[in-house]
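*Asks:* Below is a structure I'd like to ask you about.
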Amino acid sequence: MAEVLDVAVVGGGPTGLWLACELALAGIRVELFERRVEAVRESRALTLHPRSLEVLALRGLEDRFLKRGRPLPTGHFAMLDTRLDFSVLDTRFPYTLFLPQAVTEELLEERARELGVAVRRGHKVESLRQDAEGVDLEGSTDAGTFRLRARFVVGADGARSAVRRLSGIPFPGTDVTRTAMLGDVTLGAPPAQPALGISNERGGVMVVPMSPGVHRIVVTDPFRETAPVREPVTLEELRESTLRIAGSDFGMREPRWLSRFGNETRLAERYREGRVLLAGDAAHIHFPAGGQGLNVGLQDAMNLGWKLAAVVKDGAPEALLDSYSRERRPVGEALIHNTLAQTALMGATRETLALRELLSGLLREPRLNRQLADNIGALDVGYAPLDVPAPETPSPLLSEWCGRRVSDMELGADVRLYAALHPGRWLLLGLGEDDSRPLPRWEPGWSSQVTTLRARGRVGRGDLEGVGGLLVRPDGHVGWAWAA
Ligand SMILES: Cc1cc2nc3c(=O)[nH]c(=O)nc-3n(C[C@H](O)[C@H](O)[C@H](O)COP(=O)(O)OP(=O)(O)OC[C@H]3O[C@@H](n4cnc5c(N)ncnc54)[C@H](O)[C@@H]3O)c2cc1C
């Protein structure tokens with residue numbers, strides 16, 4: 001009888017790669033199956049947002065990514081004239097990191113291989129059958145067929161997910177009604193400003209520098225928005241639309257990649273069906289506005305990885321896996337909501353332009369701007385209390401802290417909170433200046449590994465006044481908190 005894998009991850013995009021990294025870090029036997037033989041060179045996404053950078057920092061990887069990218073202090077909502085000011089956000093990463101998806105994937109795959117993940121390229125999954133103990137997968141390679149059995153399977157296989165279809169999870173939503181175009185091109189006469197956004201009664205054009213000599217142009221043209229998503233884009237079409245809307249074609253030539261994308265919007269009815277789970281685009285698709293899909297996929301994987309590892313390896317109850325759906329599906333729902341709102345703002349009618357101007361004005365109000373920046377940067381994601389036992393502490397528990405995201409902070413000379421989470425374990429953290437009090441015991445009833453740490457002195461964050469300590473989940477959210 002062939003070996004049974006702990007987890008098979010299907011799909012080697014950013015979501016699947018990060019999930020495989022998290023599982024391997026926890027000591028799970030995981031293999032990743034990707035139908036493409038070669039990595040993709042074109043980059044759909046160009047941005048990593050603050051929470052994604054925090055996710056990487058929670059495992060000590062931020063420098064690899066920061067070195068290859070370019071921080072921009074602002075983000076955007078529907079390309080409105082008033083940009084979102086990320087510089088005021090409460091994070092060590094108060095910016096958007098401009099980083100093409102191909103580089104993100106390269107760095108994630110490098111990490112996966114370092115952790116010993118078997119990345120099986122050229123393996124297309126075509127059939128799936130599950131029973132009470134495991135899941136059988138079958139598929140094809142250039143050389144023939146393959147089959148395997150795993151205790152759990154995660155479908156991170158993108159918008160057209162075979163895993164989702166084969167496990168019978170409905171994907172309700174709406175079909176494409178509008179399309180837009182993009183081109184990665186050389187510009188003979190690039191715009192003066194680093195990121196140009198134009199919206200007028202003729203349509204919308206965005207121009208951003210991608211790499212030396214290459215710009216990305218994104219065009220929403222009311223005359224072309226009914227073109228089918230599969231109709232190839234030509235340089236002439238992109239040029240004509242850009243010229244009509246922006247008054248210049250910026251001397252575009254030498255296209256590296258031309259593509260059309262649409263506003264198909266769907267959310268998986270559930271993220272788990274028995275031993276099969278979904279993450280990333282396999283669970284949610286939407287018009288790519290505000291640069292969020294890849295980011296939310298990474299964050300899905302961060303939420304799922306440690307839970308799946310705890311069930312597979314530590315004997316945690318399977319109910320922990322249901323909390324994945326409970327926590328992340330509402331995030332998918334909110335993502336769909338905000339991208340629908342952005343799509344509505346991308347029209348060229350007089351009404352839409354008036355609404356854009358009105359909202360742009362409102363976003364000059366720092367509080368509103370910050371709220372939306374927190375939302376797009378995914379720093380506002382919090383969860384309801386998780387159903388895990390509380391630490392045994394004589395002081396009262398602070399339930400209002402449960403599920404909150406924890407910012408990185410100094411815990412004493414040269415110790416940072418996120419560094420204590422690099423191993424991907426729970427962290428029992430004592431705060432406050434009285435180190436004579438013992439740290440509470442935490443025994444969840446399954447063999448979870450816990451790092452214990454006591455902050456030296458005051459941590460210098462006003463919001464932690466009166467908090468005696470935190471039990472931090474491996475994904476950097478509070479499990480429990482107790483009073484000083
Ligand atoms: C024009 C455009 C611009 C975008 N810009 C941004 C942005 O700026 N920021 C952002 O965050 N997001 C952006 N996105 C969205 C982002 O690209 C996706 O959300 C992201 O790629 C999702 O990652 P994933 O790993 O979930 O899925 P994918 O990247 O789609 O990866 C799925 C993988 O599964 C593989 N696969 C599929 N079927 C099988 C099978 N049967 N067997 C084995 N392997 C299989 C595929 O080959 C693929 O490699 C943009 C999208 C578009 C279209």
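Within each chain, counting starts at residue 1; across the structure tokens, chains are named A, B, ... in the order shown, with ligands numbered 1 upward in that order.
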As an MDAnalysis selection string, list the residues of stretch 171-350 of chain A assigned to strand (DSSP E) by DSSP on the backbone atoms of this structure.
*Replies:* chainID A and resid 173:174 179:187 196:200 203:211 214:220 252:262 265:267 272:273 276:278 284:285
*Asks:* Using only C-alpha atoms and all ligand atoms, which protein or nucleic acid residues are at most 7 Å from ligand 1, as a ChimeraX atom specification?
*Replies:* /A:10-16,33-36,44-48,123-126,156-162,182,261,279-282,288,290-297
*Asks:* Would you work out the distance separating atom CA of A:Met302 from atom CA of A:Ser87, expressed in Å to one decimal?
*Replies:*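 Computing the Euclidean distance for atom CA of A:Met302 and atom CA of A:Ser87 yields 24.5 Å.
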*Asks:* Would you pick out the contacts of A:Thr177 at 9 Å or less, using only C-alpha atoms, so that residues sharing its chain but fewer than 5 positions from it are not included, and give the list as number ranges by chain?
*Replies:* A: 225-226, 228, 262-264
*Asks:* Using the selection just defined, write its residues with N, CA, C and O atoms as a JSON list (two decimals), in the first residue's frame.
*Replies:*
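Full text of part26.json as output:
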```json
[["chain", "number", "residue", "atom", "x", "y", "z"],
["A", 225, "GLU", "N", -15.77, 47.49, -22.98],
["A", 225, "GLU", "CA", -15.97, 46.68, -21.77],
["A", 225, "GLU", "C", -16.89, 45.47, -21.98],
["A", 225, "GLU", "O", -16.99, 44.61, -21.10],
["A", 226, "THR", "N", -17.53, 45.37, -23.15],
["A", 226, "THR", "CA", -18.32, 44.17, -23.40],
["A", 226, "THR", "C", -17.52, 43.13, -24.20],
["A", 226, "THR", "O", -18.04, 42.07, -24.54],
["A", 228, "PRO", "N", -15.46, 40.01, -24.90],
["A", 228, "PRO", "CA", -15.37, 38.79, -24.07],
["A", 228, "PRO", "C", -14.00, 38.67, -23.43],
["A", 228, "PRO", "O", -12.99, 39.05, -24.02],
["A", 262, "GLY", "N", -11.97, 40.29, -16.11],
["A", 262, "GLY", "CA", -13.36, 40.69, -15.95],
["A", 262, "GLY", "C", -13.82, 40.73, -14.51],
["A", 262, "GLY", "O", -13.04, 40.54, -13.58],
["A", 263, "ASN", "N", -15.12, 40.98, -14.36],
["A", 263, "ASN", "CA", -15.68, 41.19, -13.02],
["A", 263, "ASN", "C", -16.49, 39.99, -12.53],
["A", 263, "ASN", "O", -17.42, 40.16, -11.73],
["A", 264, "GLU", "N", -16.17, 38.79, -13.01],
["A", 264, "GLU", "CA", -16.85, 37.62, -12.46],
["A", 264, "GLU", "C", -16.61, 37.61, -10.96],
["A", 264, "GLU", "O", -15.47, 37.79, -10.50]]
```
*Asks:* Hey, which bits of stretch 344-378 of chain A sit within 12 Å of stretch 321-335 of chain A, and for each residue what's the closest pair of atoms and how far apart in Å (one decimal), counting only C-alpha atoms, rows by chain and increasing number, as a tab-separated table?
*Replies:*
```
residue	atom	partner	partner_atom	distance
A:Asn375	CA	A:Leu335	CA	9.3
A:Ile376	CA	A:Leu335	CA	8.8
A:Gly377	CA	A:Leu335	CA	11.4
A:Ala378	CA	A:Val331	CA	9.2
```
